[in-house]
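Below is final-v1.csv, which holds CSV, C-alpha atoms.
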chain,number,residue,atom,x,y,z
A,1,MET,CA,12.6,-4.1,20.5
A,2,LYS,CA,9.0,-2.9,20.8
A,3,ARG,CA,9.4,-0.8,17.7
A,4,VAL,CA,10.8,-3.8,15.8
A,5,ILE,CA,7.9,-6.0,16.8
A,6,PHE,CA,5.4,-3.3,15.9
A,7,VAL,CA,6.9,-3.2,12.4
A,8,ALA,CA,6.9,-6.9,12.2
A,9,LEU,CA,3.2,-6.9,12.9
A,10,MET,CA,2.6,-4.5,10.0
A,11,ILE,CA,4.6,-6.2,7.3
A,12,THR,CA,4.3,-9.2,5.1
A,13,ILE,CA,7.3,-11.1,3.8
A,14,PHE,CA,7.3,-13.4,0.8
A,15,ILE,CA,10.2,-15.9,0.6
A,16,ALA,CA,11.6,-18.1,-2.1
A,17,CYS,CA,9.2,-17.3,-4.9
A,18,LYS,CA,8.7,-20.1,-7.5
A,19,LYS,CA,7.9,-18.3,-10.8
A,20,ASN,CA,5.2,-19.5,-13.2
A,21,ASN,CA,3.6,-17.6,-16.0
A,22,VAL,CA,6.5,-15.2,-15.7
A,23,LYS,CA,8.1,-13.5,-18.7
A,24,GLU,CA,11.7,-12.6,-18.3
A,25,SER,CA,13.0,-9.7,-20.5
A,26,ASP,CA,15.3,-6.7,-20.2
A,27,TYR,CA,14.4,-4.3,-17.4
A,28,PRO,CA,15.9,-1.4,-15.6
A,29,VAL,CA,18.1,-2.2,-12.6
A,30,LEU,CA,18.1,0.7,-10.1
A,31,SER,CA,21.5,0.7,-8.3
A,32,VAL,CA,21.5,2.8,-5.1
A,33,ASP,CA,23.9,3.1,-2.1
A,34,ILE,CA,21.2,3.4,0.6
A,35,THR,CA,23.8,3.8,3.3
A,36,ARG,CA,24.7,7.2,1.9
A,37,MET,CA,22.0,9.6,3.1
A,38,ASN,CA,21.4,12.8,1.1
A,39,PRO,CA,18.2,14.4,2.5
A,40,PRO,CA,16.5,16.6,-0.1
A,41,SER,CA,14.3,19.6,0.4
A,42,LEU,CA,10.6,19.1,-0.2
A,43,TYR,CA,10.9,21.7,-2.9
A,44,ASP,CA,13.5,19.6,-4.8
A,45,PHE,CA,10.4,17.6,-5.9
A,46,PHE,CA,7.4,19.6,-5.1
A,47,ARG,CA,6.2,23.1,-5.9
A,48,LYS,CA,3.4,23.3,-3.4
A,49,ILE,CA,2.0,21.5,-0.3
A,50,GLU,CA,-1.7,21.5,0.6
A,51,ILE,CA,-3.3,20.3,3.8
A,52,ILE,CA,-6.7,18.6,3.4
A,53,THR,CA,-8.5,18.2,6.7
A,54,LEU,CA,-11.2,15.4,6.7
A,55,GLU,CA,-14.2,16.9,8.4
A,56,THR,CA,-14.9,15.3,11.8
A,57,THR,CA,-18.5,14.6,12.7
A,58,ASP,CA,-20.3,12.1,14.8
A,59,SER,CA,-21.0,10.2,11.6
A,60,SER,CA,-17.4,10.3,10.2
A,61,LEU,CA,-15.0,9.3,12.9
A,62,ILE,CA,-12.0,7.6,11.4
A,63,GLY,CA,-9.5,5.5,13.2
A,64,GLY,CA,-6.2,7.2,12.6
A,65,SER,CA,-3.7,5.4,10.3
A,66,ALA,CA,-5.8,2.2,10.1
A,67,THR,CA,-7.4,3.3,6.9
A,68,ASN,CA,-7.4,2.4,3.2
A,69,THR,CA,-7.9,5.5,1.0
A,70,VAL,CA,-8.6,5.9,-2.7
A,71,PHE,CA,-8.9,9.3,-4.5
A,72,CYS,CA,-11.2,9.0,-7.5
A,73,ASN,CA,-13.7,11.4,-9.3
A,74,ASN,CA,-12.5,14.2,-7.0
A,75,HIS,CA,-13.6,12.4,-3.9
A,76,TYR,CA,-11.8,10.5,-1.2
A,77,TYR,CA,-13.2,7.0,-0.4
A,78,ILE,CA,-12.0,5.6,2.9
A,79,LEU,CA,-12.4,2.1,4.3
A,80,ASP,CA,-11.7,2.5,8.0
A,81,ASN,CA,-10.7,-0.6,10.0
A,82,ARG,CA,-11.6,0.9,13.4
A,83,SER,CA,-15.1,2.0,12.8
A,84,ARG,CA,-15.7,-0.7,10.2
A,85,SER,CA,-17.3,1.8,7.8
A,86,PHE,CA,-16.8,3.0,4.3
A,87,TYR,CA,-16.8,6.8,3.9
A,88,CYS,CA,-16.9,9.4,1.2
A,89,PHE,CA,-15.4,12.9,1.4
A,90,ASP,CA,-15.2,15.5,-1.3
A,91,GLU,CA,-11.9,16.9,-2.7
A,92,TYR,CA,-11.7,19.6,0.0
A,93,GLY,CA,-12.2,17.1,2.9
A,94,LYS,CA,-15.9,17.8,3.5
A,95,PHE,CA,-17.8,14.8,4.7
A,96,VAL,CA,-20.3,13.6,2.1
A,97,LYS,CA,-21.7,10.3,3.4
A,98,ARG,CA,-21.1,7.0,5.0
A,99,ILE,CA,-21.7,4.6,2.1
A,100,ALA,CA,-21.8,1.3,4.1
A,101,ASN,CA,-20.7,-0.3,7.3
A,102,GLU,CA,-19.9,-3.7,8.7
A,103,GLY,CA,-22.7,-5.8,10.1
A,104,GLN,CA,-24.9,-8.9,9.7
A,105,GLY,CA,-27.6,-7.1,7.7
A,106,PRO,CA,-28.4,-7.9,4.1
A,107,GLN,CA,-27.0,-4.6,2.9
A,108,GLU,CA,-23.9,-4.6,5.1
A,109,PHE,CA,-20.4,-6.1,4.7
A,110,ILE,CA,-18.3,-8.6,6.7
A,111,SER,CA,-14.5,-8.8,6.9
A,112,VAL,CA,-13.7,-6.3,4.1
A,113,GLY,CA,-10.1,-5.3,3.8
A,114,ASP,CA,-9.8,-3.7,0.4
A,115,PHE,CA,-11.9,-2.0,-2.3
A,116,VAL,CA,-11.7,-0.4,-5.7
A,117,ILE,CA,-13.9,2.2,-7.5
A,118,ASN,CA,-15.4,1.0,-10.8
A,119,LYS,CA,-15.6,4.2,-12.8
A,120,SER,CA,-17.6,2.7,-15.7
A,121,SER,CA,-20.5,1.7,-13.4
A,122,ASN,CA,-19.9,4.3,-10.7
A,123,THR,CA,-19.8,1.7,-8.0
A,124,ALA,CA,-17.5,0.6,-5.2
A,125,GLU,CA,-16.4,-3.0,-5.0
A,126,LEU,CA,-15.5,-4.1,-1.5
A,127,LEU,CA,-13.4,-7.3,-1.2
A,128,SER,CA,-14.1,-9.7,1.7
A,129,SER,CA,-11.5,-12.2,2.9
A,130,PHE,CA,-14.3,-14.7,3.0
A,131,GLY,CA,-14.6,-14.8,-0.8
A,132,TYR,CA,-17.3,-12.1,-1.4
A,133,LEU,CA,-17.4,-8.9,-3.4
A,134,TYR,CA,-19.9,-6.4,-2.0
A,135,VAL,CA,-21.0,-3.8,-4.6
A,136,PHE,CA,-22.4,-0.4,-3.6
A,137,GLU,CA,-23.4,2.5,-5.8
A,138,LEU,CA,-21.5,5.6,-4.9
A,139,SER,CA,-24.8,7.2,-3.8
A,140,GLY,CA,-24.8,4.7,-1.0
A,141,LYS,CA,-27.3,2.2,-2.4
A,142,PHE,CA,-26.5,-1.5,-2.0
A,143,ALA,CA,-26.2,-3.1,-5.4
A,144,ASN,CA,-25.0,-6.7,-5.0
A,145,LYS,CA,-23.2,-9.3,-3.0
A,146,ILE,CA,-21.2,-11.7,-5.2
A,147,ALA,CA,-19.8,-15.0,-4.1
A,148,LEU,CA,-16.4,-15.3,-5.8
A,149,PRO,CA,-16.0,-18.6,-7.7
A,150,VAL,CA,-12.8,-19.6,-5.9
A,151,PRO,CA,-13.2,-18.8,-2.2
A,152,ASN,CA,-9.9,-17.9,-0.6
A,153,TYR,CA,-8.3,-15.5,1.9
A,154,TYR,CA,-8.4,-12.6,-0.4
A,155,HIS,CA,-6.5,-9.6,0.7
A,156,GLU,CA,-6.2,-7.1,-2.2
A,157,ILE,CA,-8.0,-6.1,-5.4
A,158,ALA,CA,-6.9,-4.0,-8.4
A,159,VAL,CA,-8.7,-2.9,-11.6
A,160,LEU,CA,-7.2,-4.4,-14.7
A,161,ASN,CA,-9.9,-3.1,-17.1
A,162,ASP,CA,-13.7,-2.6,-17.1
A,163,SER,CA,-14.4,-6.3,-16.5
A,164,LEU,CA,-11.2,-7.8,-15.1
A,165,ARG,CA,-9.8,-7.6,-11.6
A,166,ILE,CA,-6.6,-8.8,-10.1
A,167,LEU,CA,-7.1,-10.5,-6.7
A,168,LEU,CA,-4.3,-11.2,-4.3
A,169,THR,CA,-4.7,-13.9,-1.7
A,170,GLN,CA,-2.9,-14.4,1.6
A,171,SER,CA,-2.8,-18.1,1.3
A,172,ALA,CA,0.5,-19.6,2.6
A,173,ASP,CA,0.1,-22.9,0.8
A,174,HIS,CA,2.8,-23.3,-1.8
A,175,ASN,CA,0.4,-25.5,-3.8
A,176,GLU,CA,-2.0,-22.6,-4.4
A,177,ASP,CA,-1.7,-19.7,-6.8
A,178,GLN,CA,-1.6,-16.3,-5.2
A,179,LEU,CA,-2.7,-14.0,-8.0
A,180,TYR,CA,-6.1,-14.5,-9.6
A,181,VAL,CA,-7.6,-12.8,-12.7
A,182,TYR,CA,-11.3,-12.4,-12.0
A,183,SER,CA,-14.1,-11.5,-14.6
A,184,THR,CA,-16.8,-9.4,-13.0
A,185,ARG,CA,-18.9,-9.8,-16.2
A,186,SER,CA,-19.0,-13.7,-16.1
A,187,ASN,CA,-18.1,-14.3,-12.5
A,188,ILE,CA,-15.3,-16.7,-13.3
A,189,ILE,CA,-11.6,-16.9,-12.7
A,190,VAL,CA,-10.0,-16.6,-16.1
A,191,ASN,CA,-6.4,-17.2,-15.0
A,192,SER,CA,-4.2,-17.6,-11.9
A,193,PHE,CA,-0.5,-17.7,-11.4
A,194,TYR,CA,2.4,-17.0,-9.0
A,195,ARG,CA,3.1,-19.5,-6.3
A,196,GLU,CA,5.2,-19.1,-3.1
A,197,ASP,CA,7.3,-21.9,-1.7
A,198,PHE,CA,7.1,-20.3,1.7
A,199,ALA,CA,5.3,-17.2,3.0
A,200,ILE,CA,5.4,-15.0,6.0
A,201,PHE,CA,2.8,-12.4,6.1
A,202,ASN,CA,0.3,-10.1,7.9
A,203,PHE,CA,-2.2,-7.6,6.5
A,204,ASN,CA,0.0,-4.6,5.8
A,205,PRO,CA,1.2,-3.0,3.6
A,206,ARG,CA,-0.3,-3.2,0.1
A,207,TYR,CA,1.5,-5.2,-2.6
A,208,LEU,CA,-0.3,-4.0,-5.7
A,209,TYR,CA,-0.1,-0.5,-7.2
A,210,GLN,CA,-1.2,1.2,-10.4
A,211,TYR,CA,0.7,3.3,-12.9
A,212,ASN,CA,-0.5,4.4,-16.3
A,213,ASP,CA,-3.4,1.9,-16.2
A,214,ASN,CA,-0.9,-1.0,-15.5
A,215,ILE,CA,-0.8,-3.0,-12.3
A,216,PHE,CA,2.5,-3.7,-10.5
A,217,TYR,CA,3.2,-6.3,-7.8
A,218,TYR,CA,6.1,-6.4,-5.3
A,219,LYS,CA,7.3,-8.5,-2.4
A,220,PRO,CA,9.1,-7.2,0.7
A,221,LEU,CA,12.1,-9.6,0.4
A,222,ILE,CA,12.5,-9.5,-3.4
A,223,SER,CA,14.1,-6.5,-5.2
A,224,LYS,CA,12.2,-7.2,-8.5
A,225,VAL,CA,8.9,-5.5,-9.1
A,226,TYR,CA,6.5,-7.2,-11.5
A,227,GLU,CA,4.0,-5.9,-14.0
A,228,VAL,CA,0.8,-8.0,-14.0
A,229,ASP,CA,-1.8,-8.6,-16.7
A,230,GLN,CA,-4.4,-11.2,-17.5
A,231,HIS,CA,-1.8,-13.5,-19.0
A,232,GLY,CA,0.8,-13.5,-16.2
A,233,TYR,CA,3.6,-11.3,-15.0
A,234,LYS,CA,7.0,-10.0,-16.0
A,235,VAL,CA,9.8,-8.1,-14.3
A,236,ALA,CA,9.2,-4.4,-14.7
A,237,TYR,CA,12.3,-3.2,-12.8
A,238,SER,CA,14.6,-4.1,-10.0
A,239,TRP,CA,16.3,-2.3,-7.1
A,240,ASP,CA,20.0,-3.1,-6.4
A,241,PHE,CA,21.1,-2.1,-2.9
A,242,GLY,CA,24.3,-4.2,-3.0
A,243,SER,CA,25.0,-6.1,0.2
A,244,LEU,CA,21.8,-4.9,1.7
A,245,ASN,CA,19.6,-6.6,-0.9
A,246,PRO,CA,17.0,-8.6,1.1
A,247,GLU,CA,17.8,-11.6,-1.1
A,248,ASN,CA,21.1,-11.9,0.9
A,249,ALA,CA,19.2,-13.1,3.9
A,250,LYS,CA,20.2,-16.6,4.9
A,251,LEU,CA,16.9,-18.0,6.0
A,252,ASN,CA,16.5,-21.6,6.8
A,253,LYS,CA,13.1,-22.8,5.7
A,254,SER,CA,12.9,-25.5,8.4
A,255,GLU,CA,13.6,-22.9,11.1
A,256,LEU,CA,10.7,-20.7,9.9
A,257,ASP,CA,8.1,-23.4,9.7
A,258,ASN,CA,5.3,-22.8,12.2
A,259,HIS,CA,3.2,-25.8,11.2
A,260,ASN,CA,0.8,-23.7,9.1
A,261,GLY,CA,3.4,-22.4,6.7
A,262,SER,CA,4.0,-19.1,8.6
A,263,ILE,CA,6.2,-17.6,11.2
A,264,THR,CA,5.6,-15.9,14.5
A,265,ASN,CA,6.1,-12.2,14.6
A,266,GLU,CA,8.5,-12.6,17.5
A,267,ARG,CA,10.8,-14.8,15.4
A,268,LEU,CA,10.6,-12.4,12.5
A,269,ALA,CA,11.5,-9.4,14.7
A,270,LYS,CA,14.5,-11.3,16.1
A,271,MET,CA,15.8,-12.1,12.5
A,272,PHE,CA,15.4,-8.4,11.6
A,273,VAL,CA,17.3,-7.2,14.7
A,274,ASP,CA,20.0,-9.8,14.3
A,275,GLY,CA,20.6,-8.8,10.7
A,276,GLN,CA,19.5,-12.1,9.1
A,277,ILE,CA,17.0,-10.1,7.2
A,278,LYS,CA,18.8,-7.1,5.6
A,279,GLY,CA,15.8,-5.0,4.9
A,280,LEU,CA,12.2,-4.9,3.7
A,281,TYR,CA,10.5,-3.1,0.8
A,282,ASN,CA,7.6,-1.6,2.6
A,283,VAL,CA,6.1,0.7,-0.1
A,284,GLN,CA,6.6,0.9,-3.9
A,285,TYR,CA,5.4,3.5,-6.4
A,286,GLN,CA,6.4,5.2,-9.6
A,287,ASN,CA,5.3,7.9,-12.1
A,288,ASP,CA,6.7,9.4,-15.2
A,289,LYS,CA,9.5,11.1,-13.3
A,290,TYR,CA,10.5,8.8,-10.4
A,291,TYR,CA,10.7,5.3,-9.0
A,292,TYR,CA,10.1,5.4,-5.3
A,293,THR,CA,10.4,2.8,-2.5
A,294,LEU,CA,10.3,2.9,1.3
A,295,PHE,CA,12.9,0.4,2.5
A,296,ASN,CA,12.9,-0.5,6.2
A,297,ARG,CA,16.2,-1.8,7.7
A,298,SER,CA,17.6,-2.4,11.1
A,299,VAL,CA,20.5,-0.1,12.3
A,300,ASN,CA,21.7,-0.7,15.8
A,301,SER,CA,18.5,-2.5,16.7
A,302,GLU,CA,16.4,0.5,15.5
A,303,ILE,CA,14.2,0.7,12.5
A,304,LEU,CA,15.4,3.1,9.9
A,305,ARG,CA,12.8,4.2,7.4
A,306,THR,CA,14.7,4.8,4.2
A,307,ASN,CA,13.0,6.7,1.4
A,308,VAL,CA,14.5,6.3,-2.0
A,309,PHE,CA,13.7,8.5,-5.0
A,310,TYR,CA,15.2,7.5,-8.3
A,311,ASP,CA,15.0,10.0,-11.1
A,312,LYS,CA,14.1,8.2,-14.4
A,313,ARG,CA,15.6,11.1,-16.5
A,314,ASP,CA,19.1,11.6,-15.1
A,315,HIS,CA,19.3,8.5,-12.7
A,316,LYS,CA,20.0,10.8,-9.8
A,317,THR,CA,19.0,9.4,-6.4
A,318,PHE,CA,17.9,10.8,-3.1
A,319,VAL,CA,18.1,8.6,0.1
A,320,PHE,CA,16.6,10.0,3.3
A,321,GLU,CA,14.7,9.3,6.5
A,322,LYS,CA,13.0,12.8,6.5
A,323,PHE,CA,13.0,15.8,4.2
A,324,LYS,CA,15.3,18.6,5.2
A,325,GLU,CA,12.3,20.4,6.6
A,326,GLY,CA,11.8,17.5,9.0
A,327,LEU,CA,8.7,16.1,7.4
A,328,ILE,CA,8.2,12.3,7.4
A,329,PHE,CA,6.8,10.9,4.1
A,330,PHE,CA,3.8,8.6,4.2
A,331,PRO,CA,2.6,8.3,0.6
A,332,PHE,CA,-0.6,6.3,-0.3
A,333,PHE,CA,-1.3,7.5,-3.9
A,334,TRP,CA,1.0,8.6,-6.7
A,335,CYS,CA,0.3,10.1,-10.1
A,336,ASP,CA,2.3,12.4,-12.5
A,337,ASP,CA,0.8,15.6,-10.9
A,338,TYR,CA,0.9,14.9,-7.2
A,339,VAL,CA,1.4,12.5,-4.3
A,340,LEU,CA,-1.1,12.0,-1.5
A,341,SER,CA,0.1,11.2,2.0
A,342,THR,CA,-2.0,10.7,5.2
A,343,SER,CA,-1.3,10.8,8.9
A,344,ALA,CA,-3.0,10.8,12.2
A,345,SER,CA,-4.0,14.2,13.6
A,346,SER,CA,-1.3,14.0,16.3
A,347,PHE,CA,1.3,14.1,13.5
A,348,SER,CA,0.3,17.7,12.8
A,349,LYS,CA,2.5,18.8,15.7
A,350,ALA,CA,5.5,17.5,13.9
A,351,ILE,CA,5.1,19.7,10.8
A,352,ASP,CA,6.8,23.1,10.8
A,353,THR,CA,4.1,25.5,9.6
A,354,SER,CA,6.9,27.7,8.1
A,355,ILE,CA,7.0,25.3,5.1
A,356,LEU,CA,3.3,26.1,4.4
A,357,ASP,CA,1.5,29.1,3.0
A,358,GLU,CA,-0.7,31.1,5.2
A,359,GLU,CA,-3.9,29.3,4.3
A,360,ASN,CA,-2.5,25.8,4.9
A,361,ALA,CA,-0.7,26.8,8.0
A,362,LYS,CA,-4.0,28.0,9.4
A,363,LYS,CA,-5.6,24.7,8.6
A,364,LEU,CA,-2.8,22.8,10.3
A,365,ASN,CA,-3.0,24.9,13.5
A,366,GLU,CA,-6.7,24.3,13.8
A,367,ILE,CA,-6.4,20.5,13.9
A,368,GLU,CA,-7.2,19.0,17.3
A,369,GLU,CA,-5.9,15.8,18.7
A,370,GLU,CA,-9.3,14.0,18.4
A,371,ASP,CA,-9.9,15.1,14.8
A,372,ASN,CA,-9.9,12.9,11.8
A,373,PRO,CA,-6.6,12.1,10.0
A,374,PHE,CA,-5.6,14.8,7.5
A,375,ILE,CA,-4.2,14.4,4.0
A,376,ILE,CA,-1.1,16.1,2.7
A,377,LYS,CA,-1.1,16.8,-1.1
A,378,TYR,CA,2.3,17.3,-2.6
A,379,TYR,CA,2.2,18.9,-6.1
A,380,PHE,CA,5.1,17.9,-8.3
A,381,LYS,CA,7.1,20.6,-10.1

As structure tokens - that is how I would like this structure written.
Amino acid sequence: MKRVIFVALMITIFIACKKNNVKESDYPVLSVDITRMNPPSLYDFFRKIEIITLETTDSSLIGGSATNTVFCNNHYYILDNRSRSFYCFDEYGKFVKRIANEGQGPQEFISVGDFVINKSSNTAELLSSFGYLYVFELSGKFANKIALPVPNYYHEIAVLNDSLRILLTQSADHNEDQLYVYSTRSNIIVNSFYREDFAIFNFNPRYLYQYNDNIFYYKPLISKVYEVDQHGYKVAYSWDFGSLNPENAKLNKSELDNHNGSITNERLAKMFVDGQIKGLYNVQYQNDKYYYTLFNRSVNSEILRTNVFYDKRDHKTFVFEKFKEGLIFFPFFWCDDYVLSTSASSFSKAIDTSILDEENAKKLNEIEEEDNPFIIKYYFK
């Protein structure tokens, strides 16, 4: 039960979506029997695996898995929830600088949960849940603090183009839009859309991801994945897990109400164990070759992490908890060439060094328990 409650604390569930500004059209439906496990080898997908150790110094201590990481311009930018700091490491993991940290000072940030890198201005934009955007030059110099025009409980930010951002709010009020199109150039909200009749959420995981300069949005209890632009959103594709589709959950809205439009984590955990909630989409990504999702479901009161790879070319699917080599998959960034995955240092003991070349096996063996998390880079074939 403790494992179930832990997962409940880390997930957000959106229920009974009322669509507006949505454009329905033909879209792929990805049918998969997720009860039929067929674990692949790492090397069915990847040609090489690289270990990138993030340098551990007194100035760069990172709090394990509680991080938000972006790879851009051959650097890793990490917002760490434990140290309340924003770091930069180079592509080899060498510590470059601490760009900013949380505090009450005029050049510090408060309650930041997400960020993006603005390549055109070479700045980092840090999003505060209190309705502010903190802008720092990548050199570490403070640039600006912007009061967003519609203060809200902002949770996530994505780059639509040079001047437009998509902002996702955590508001549970069904009378409020959840997705906002924000202009950094004019500091106005140019559009907003997507309302929820009822919401259950916490602060993990992410619900926006980028592919080919397009932004996609998903919800843990809905099998459809949406493409978002400044005009609204449309269905991009949908998973079909048959009887295990989360939409089959028989949830009574009156039972869930907790006065503020949310639900206690204990109640959520019980519904998951009892099978009222069939499963949850925990992660979504895609590239030119694959659709991918991590689907959490309860099997005999235990959480089963089900990875699903769907090949766009031949529609072949792989469903697995771990790769054949025993490695657990924690992706946080996808592109056509590689996937980036992160883990706490203690996870190094679960990797069989025989799957690595000599150089990377040596890196792994040198990792200590108190060291920073490391990054695994999987190169696609």

- Task: Quick one: pull the distance between CA of Pro106 (chain A) and CA of Lys145 (chain A), Å, one decimal.
- Result: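 Between CA of Pro106 (chain A) and CA of Lys145 (chain A) the gap is 8.9 Å.
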
- Message: Need the shell around Phe318 (chain A): protein/DNA/RNA residues with any atom at most 7 Å away, counting all atoms listed in the file. Skip same-chain ones fewer than 3 positions apart. Format as a list in words?
- Response: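 Returned residues: Asn38, Pro39, Pro40, Val308, Phe309 and Tyr310 of chain A.
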
- Query: Which protein, DNA or RNA residues are at most 12 Å from (18.8, 1.5, 9.0) in the file's coordinates when you count all atoms listed in the file, listed as a PyMOL selection string?
  - Reply: chain A and resi 4+34-37+244+272-273+275+277-280+294-307+319-321

Atoms kept (C-alpha atoms) for selection, written as an mmCIF file, in the coordinates of the input:
data_model
loop_
_atom_site.group_PDB
_atom_site.id
_atom_site.type_symbol
_atom_site.label_atom_id
_atom_site.label_comp_id
_atom_site.auth_asym_id
_atom_site.auth_seq_id
_atom_site.Cartn_x
_atom_site.Cartn_y
_atom_site.Cartn_z
ATOM 1 C CA VAL A 4 10.800 -3.800 15.800
ATOM 2 C CA ILE A 34 21.200 3.400 0.600
ATOM 3 C CA THR A 35 23.800 3.800 3.300
ATOM 4 C CA ARG A 36 24.700 7.200 1.900
ATOM 5 C CA MET A 37 22.000 9.600 3.100
ATOM 6 C CA LEU A 244 21.800 -4.900 1.700
ATOM 7 C CA PHE A 272 15.400 -8.400 11.600
ATOM 8 C CA VAL A 273 17.300 -7.200 14.700
ATOM 9 C CA GLY A 275 20.600 -8.800 10.700
ATOM 10 C CA ILE A 277 17.000 -10.100 7.200
ATOM 11 C CA LYS A 278 18.800 -7.100 5.600
ATOM 12 C CA GLY A 279 15.800 -5.000 4.900
ATOM 13 C CA LEU A 280 12.200 -4.900 3.700
ATOM 14 C CA LEU A 294 10.300 2.900 1.300
ATOM 15 C CA PHE A 295 12.900 0.400 2.500
ATOM 16 C CA ASN A 296 12.900 -0.500 6.200
ATOM 17 C CA ARG A 297 16.200 -1.800 7.700
ATOM 18 C CA SER A 298 17.600 -2.400 11.100
ATOM 19 C CA VAL A 299 20.500 -0.100 12.300
ATOM 20 C CA ASN A 300 21.700 -0.700 15.800
ATOM 21 C CA SER A 301 18.500 -2.500 16.700
ATOM 22 C CA GLU A 302 16.400 0.500 15.500
ATOM 23 C CA ILE A 303 14.200 0.700 12.500
ATOM 24 C CA LEU A 304 15.400 3.100 9.900
ATOM 25 C CA ARG A 305 12.800 4.200 7.400
ATOM 26 C CA THR A 306 14.700 4.800 4.200
ATOM 27 C CA ASN A 307 13.000 6.700 1.400
ATOM 28 C CA VAL A 319 18.100 8.600 0.100
ATOM 29 C CA PHE A 320 16.600 10.000 3.300
ATOM 30 C CA GLU A 321 14.700 9.300 6.500
#

- Quote the spacing between CA of Thr353 (chain A) and CA of Tyr76 (chain A) in Å to one decimal place. 24.4 Å

- Mind pulling up the distance from CA of Lys224 (chain A) to CA of Ser128 (chain A)? 28.3 Å

- Item | Selected residue, from A:Phe332, A:Tyr182, A:Phe142, A:Tyr338, that lies nearest to Thr123 (chain A) when counting all atoms listed in the file |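 The closest residue to Thr123 (chain A) is A:Phe142.
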